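*Asks:* File name protein.txt; file contents compact mmCIF, C-alpha atoms; full text below.
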```
# COMPACT_ATOMS: atom_id res chain seq x y z
CA MET A 1 -33.25 8.53 -48.48
CA PRO A 2 -32.20 7.32 -44.97
CA PHE A 3 -30.67 10.62 -43.73
CA ASN A 4 -33.53 12.98 -44.44
CA TYR A 5 -33.39 14.50 -40.98
CA LEU A 6 -29.90 15.87 -41.75
CA GLU A 7 -31.27 17.98 -44.53
CA LYS A 8 -34.03 19.55 -42.42
CA GLU A 9 -33.65 23.25 -41.91
CA THR A 10 -35.99 23.55 -38.94
CA LEU A 11 -36.18 21.54 -35.76
CA THR A 12 -39.32 20.72 -33.84
CA ILE A 13 -39.82 21.90 -30.28
CA LYS A 14 -39.41 18.30 -29.11
CA GLU A 15 -36.05 17.96 -30.89
CA ILE A 16 -34.80 21.26 -29.44
CA THR A 17 -35.91 20.28 -25.94
CA MET A 18 -34.23 16.87 -26.20
CA SER A 19 -30.93 18.30 -27.47
CA THR A 20 -30.98 20.99 -24.78
CA ARG A 21 -31.54 18.38 -22.07
CA LEU A 22 -28.74 16.24 -23.47
CA LEU A 23 -26.31 19.17 -23.46
CA LEU A 24 -27.37 20.13 -19.94
CA ALA A 25 -26.78 16.56 -18.74
CA MET A 26 -23.34 16.48 -20.39
CA PHE A 27 -22.31 19.77 -18.78
CA THR A 28 -23.60 18.63 -15.37
CA LEU A 29 -21.69 15.34 -15.53
CA THR A 30 -18.52 17.03 -16.74
CA GLY A 31 -18.73 19.65 -13.99
CA SER A 32 -19.36 16.99 -11.36
CA PHE A 33 -16.39 14.98 -12.55
CA ILE A 34 -14.11 18.03 -12.40
CA MET A 35 -15.35 18.92 -8.90
CA ILE A 36 -14.76 15.37 -7.65
CA THR A 37 -11.28 14.90 -9.11
CA GLY A 38 -10.00 18.37 -8.20
CA PRO A 39 -9.87 17.83 -4.40
CA VAL A 40 -8.39 14.35 -4.85
CA ARG A 41 -5.48 15.77 -6.82
CA ALA A 42 -5.08 18.54 -4.25
CA GLU A 43 -5.01 16.00 -1.40
CA GLN A 44 -2.42 13.87 -3.19
CA ASN A 45 -0.21 16.87 -3.85
CA ALA A 46 -0.54 18.06 -0.25
CA ALA A 47 0.35 14.60 1.08
CA ILE A 48 3.44 14.45 -1.11
CA TYR A 49 4.46 17.96 -0.06
CA LEU A 50 3.90 17.31 3.67
CA ALA A 51 5.70 13.96 3.63
CA ALA A 52 8.80 15.29 1.89
CA ASP A 53 10.52 16.46 5.07
CA SER A 54 8.93 14.11 7.59
CA ALA A 55 9.87 10.83 9.19
CA LEU A 56 7.32 9.23 6.86
CA GLU A 57 9.59 9.91 3.90
CA ASN A 58 11.08 6.51 3.07
CA THR A 59 11.85 6.78 -0.64
CA GLU A 60 15.43 5.63 -0.18
CA ILE A 61 14.28 2.51 1.66
CA ASN A 62 11.73 1.77 -1.05
CA VAL A 63 14.38 2.15 -3.75
CA ARG A 64 16.65 -0.22 -1.82
CA ASP A 65 13.83 -2.77 -1.63
CA LYS A 66 13.25 -2.61 -5.39
CA ASP A 67 16.81 -3.55 -6.33
CA ASN A 68 16.10 -7.29 -5.83
CA THR A 69 19.00 -7.73 -3.39
CA THR A 70 16.85 -7.60 -0.25
CA LEU A 71 14.02 -9.95 0.65
CA THR A 72 10.46 -8.67 0.68
CA PRO A 73 7.27 -10.48 1.71
CA GLU A 74 6.81 -11.42 -1.95
CA ASP A 75 9.87 -13.68 -1.55
CA GLN A 76 8.09 -15.78 1.10
CA LYS A 77 8.25 -19.48 0.21
CA GLU A 78 4.91 -21.18 -0.22
CA THR A 79 5.84 -24.41 1.54
CA LYS A 80 3.58 -25.43 4.43
CA LYS A 81 6.54 -25.46 6.82
CA ASP A 82 7.65 -21.90 5.94
CA ILE A 83 4.10 -20.55 6.07
CA LYS A 84 3.57 -22.19 9.47
CA ILE A 85 6.81 -20.67 10.81
CA THR A 86 5.90 -17.19 9.56
CA ALA A 87 2.35 -17.46 10.95
CA HIS A 88 3.61 -18.60 14.37
CA ILE A 89 6.09 -15.72 14.62
CA ARG A 90 3.48 -13.18 13.45
CA LYS A 91 0.89 -14.39 16.00
CA THR A 92 3.44 -14.28 18.81
CA VAL A 93 4.60 -10.78 17.88
CA VAL A 94 1.09 -9.36 17.48
CA ARG A 95 -0.07 -10.80 20.81
CA ASP A 96 2.84 -9.15 22.64
CA LYS A 97 1.32 -5.81 23.66
CA SER A 98 4.67 -4.55 24.97
CA LEU A 99 5.89 -4.21 21.37
CA SER A 100 5.33 -1.02 19.38
CA ILE A 101 3.11 -0.95 16.31
CA ASP A 102 6.27 -0.74 14.18
CA ALA A 103 7.65 -3.91 15.76
CA GLN A 104 4.31 -5.68 15.36
CA ASN A 105 4.33 -4.75 11.68
CA ALA A 106 7.90 -5.90 10.97
CA LYS A 107 8.31 -7.95 7.82
CA ILE A 108 8.76 -11.65 8.48
CA ILE A 109 9.99 -13.67 5.51
CA THR A 110 10.72 -17.39 5.78
CA ARG A 111 12.58 -19.33 3.10
CA SER A 112 13.55 -22.94 3.77
CA GLY A 113 13.59 -22.40 7.55
CA VAL A 114 15.66 -19.19 7.35
CA VAL A 115 13.71 -16.26 8.81
CA THR A 116 14.47 -12.70 7.72
CA LEU A 117 13.18 -9.87 9.93
CA ARG A 118 12.97 -6.42 8.33
CA GLY A 119 11.54 -3.03 9.18
CA PRO A 120 11.74 -0.34 11.84
CA VAL A 121 11.56 -0.97 15.60
CA GLU A 122 11.58 1.51 18.49
CA SER A 123 14.59 0.19 20.40
CA GLU A 124 17.37 -2.36 20.69
CA ALA A 125 15.21 -4.23 23.22
CA GLU A 126 12.44 -4.64 20.63
CA ASN A 127 15.02 -5.71 18.07
CA MET A 128 16.31 -8.44 20.38
CA LYS A 129 12.81 -9.50 21.44
CA LEU A 130 11.72 -10.07 17.82
CA GLN A 131 14.92 -11.96 17.12
CA ASP A 132 14.39 -14.15 20.20
CA ILE A 133 10.78 -14.89 19.22
CA ALA A 134 11.95 -15.98 15.77
CA ARG A 135 14.80 -18.11 17.15
CA GLN A 136 12.52 -19.89 19.61
CA THR A 137 10.00 -20.83 16.92
CA PRO A 138 10.06 -24.55 16.04
CA GLY A 139 11.51 -25.23 12.59
CA VAL A 140 13.66 -22.08 12.39
CA MET A 141 17.22 -22.90 11.34
CA GLN A 142 18.60 -19.36 11.19
CA VAL A 143 17.45 -15.77 11.79
CA ASN A 144 18.66 -12.96 9.54
CA ASN A 145 17.97 -9.80 11.57
CA GLN A 146 17.70 -6.73 9.32
CA LEU A 147 15.56 -4.71 11.73
CA GLU A 148 16.37 -1.01 11.93
CA ILE A 149 16.14 1.00 15.14
CA LYS A 150 14.26 4.26 14.55
CA ALA A 151 16.13 7.45 15.31
CA PRO A 152 14.83 9.25 18.43
```
Step by step, read the file and then write its structure as structure tokens.
*Replies:*
Amino acid sequence: MPFNYLEKETLTIKEITMSTRLLLAMFTLTGSFIMITGPVRAEQNAAIYLAADSALENTEINVRDKDNTTLTPEDQKETKKDIKITAHIRKTVVRDKSLSIDAQNAKIITRSGVVTLRGPVESEAENMKLQDIARQTPGVMQVNNQLEIKAP
């Protein structure tokens, strides 16, 4: 009979020790998992709570971007010419240390020579500077400026 051990009424010391160790290992791993995931959930909840009333709250902008009526970097054309235009503009913008981090991180999307600039900038001067950089880039036919000036 292959399942004789199921019919045993007594367990050996070795079997008891092994099952005890197994249970102890299971409880330790379960407890460790709970301790690790607890703070992560707390941090996520705190971040959501703290961001709700801050300038970092951009849910409306994200919803706008998901409606497929505005260009996002995923709409970038994969032609060599468009990639070269985007790369040239990005390098020029990042090298300009007079621009804010926001301006340096503006979205630059090129489709068939038409450049779309999107994202927040600190001032009208930054807005115009980014637009001028894009316009002066070889191969650019048109610039669609959708940059937004941050509120003071």
*Asks:* Just give me the gap between atom CA of Ile83 of chain A and atom CA of Gly139 of chain A in Å, one decimal is fine.
*Replies:*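 Between these atoms lies a distance of 10.9 Å.
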*Asks:* Rounded to one decimal place, report the atom CA of Glu148 of chain A-atom CA of Gly119 of chain A distance in Å.
*Replies:* 5.9 Å
*Asks:* Find the axis-aligned box for segment 133-142 of chain A, covering all its listed atoms and adding 3 Å on each side, and write its centre and edge lengths in Å to one decimal as AutoDock Vina command-line options.
*Replies:*
```
--center_x 14.3 --center_y -20.1 --center_z 15.4 --size_x 14.6 --size_y 16.3 --size_z 14.4
```
*Asks:* Neighbours of segment 100-104 of chain A within 9 Å (all atoms listed in the file; same-chain residues fewer than 6 positions away dropped), as number ranges by chain?
*Replies:* A: 90, 93-94, 119-122, 126-127, 130, 147
*Asks:* Record the distance separating atom CA of Leu22 of chain A and atom CA of Ile34 of chain A, expressed in Å with one decimal.
*Replies:* 18.4 Å
*Asks:* With a distance cut-off of 7 Å and only C-alpha atoms, select the neighbouring residues of Val140 of chain A, excluding the residue or stretch itself and same-chain residues fewer than 3 positions from it, and output the selection as a short mmCIF file (atom, residue, chain, number, x, y, z; two decimals) with C-alpha atoms, keeping the file's coordinate frame.
*Replies:*
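File produced: result.cif:
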```
data_model
loop_
_atom_site.label_atom_id
_atom_site.label_comp_id
_atom_site.auth_asym_id
_atom_site.auth_seq_id
_atom_site.Cartn_x
_atom_site.Cartn_y
_atom_site.Cartn_z
CA GLY A 113 13.59 -22.40 7.55
CA VAL A 114 15.66 -19.19 7.35
CA VAL A 115 13.71 -16.26 8.81
CA ARG A 135 14.80 -18.11 17.15
CA THR A 137 10.00 -20.83 16.92
#
```
*Asks:* Counting only C-alpha atoms, figure out which residue out of A:Met128, A:Ile109, A:Met18, A:Ala25 gets nearest to Ile85 of chain A.
*Replies:*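 Closest to Ile85 of chain A, using only C-alpha atoms: A:Ile109.
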*Asks:* Counting only C-alpha atoms, what is within 10 Å of Pro138 of chain A, bar same-chain residues fewer than 4 positions away, as a PDB file with C-alpha atoms, keeping the file's coordinate frame?
*Replies:*
```pdb
ATOM      1  CA  LYS A  81       6.540 -25.460   6.820  1.00  0.00           C
ATOM      2  CA  LYS A  84       3.570 -22.190   9.470  1.00  0.00           C
ATOM      3  CA  ILE A  85       6.810 -20.670  10.810  1.00  0.00           C
ATOM      4  CA  HIS A  88       3.610 -18.600  14.370  1.00  0.00           C
ATOM      5  CA  ILE A  89       6.090 -15.720  14.620  1.00  0.00           C
ATOM      6  CA  GLY A 113      13.590 -22.400   7.550  1.00  0.00           C
ATOM      7  CA  ALA A 134      11.950 -15.980  15.770  1.00  0.00           C
TER       8      ALA A 134
END
```
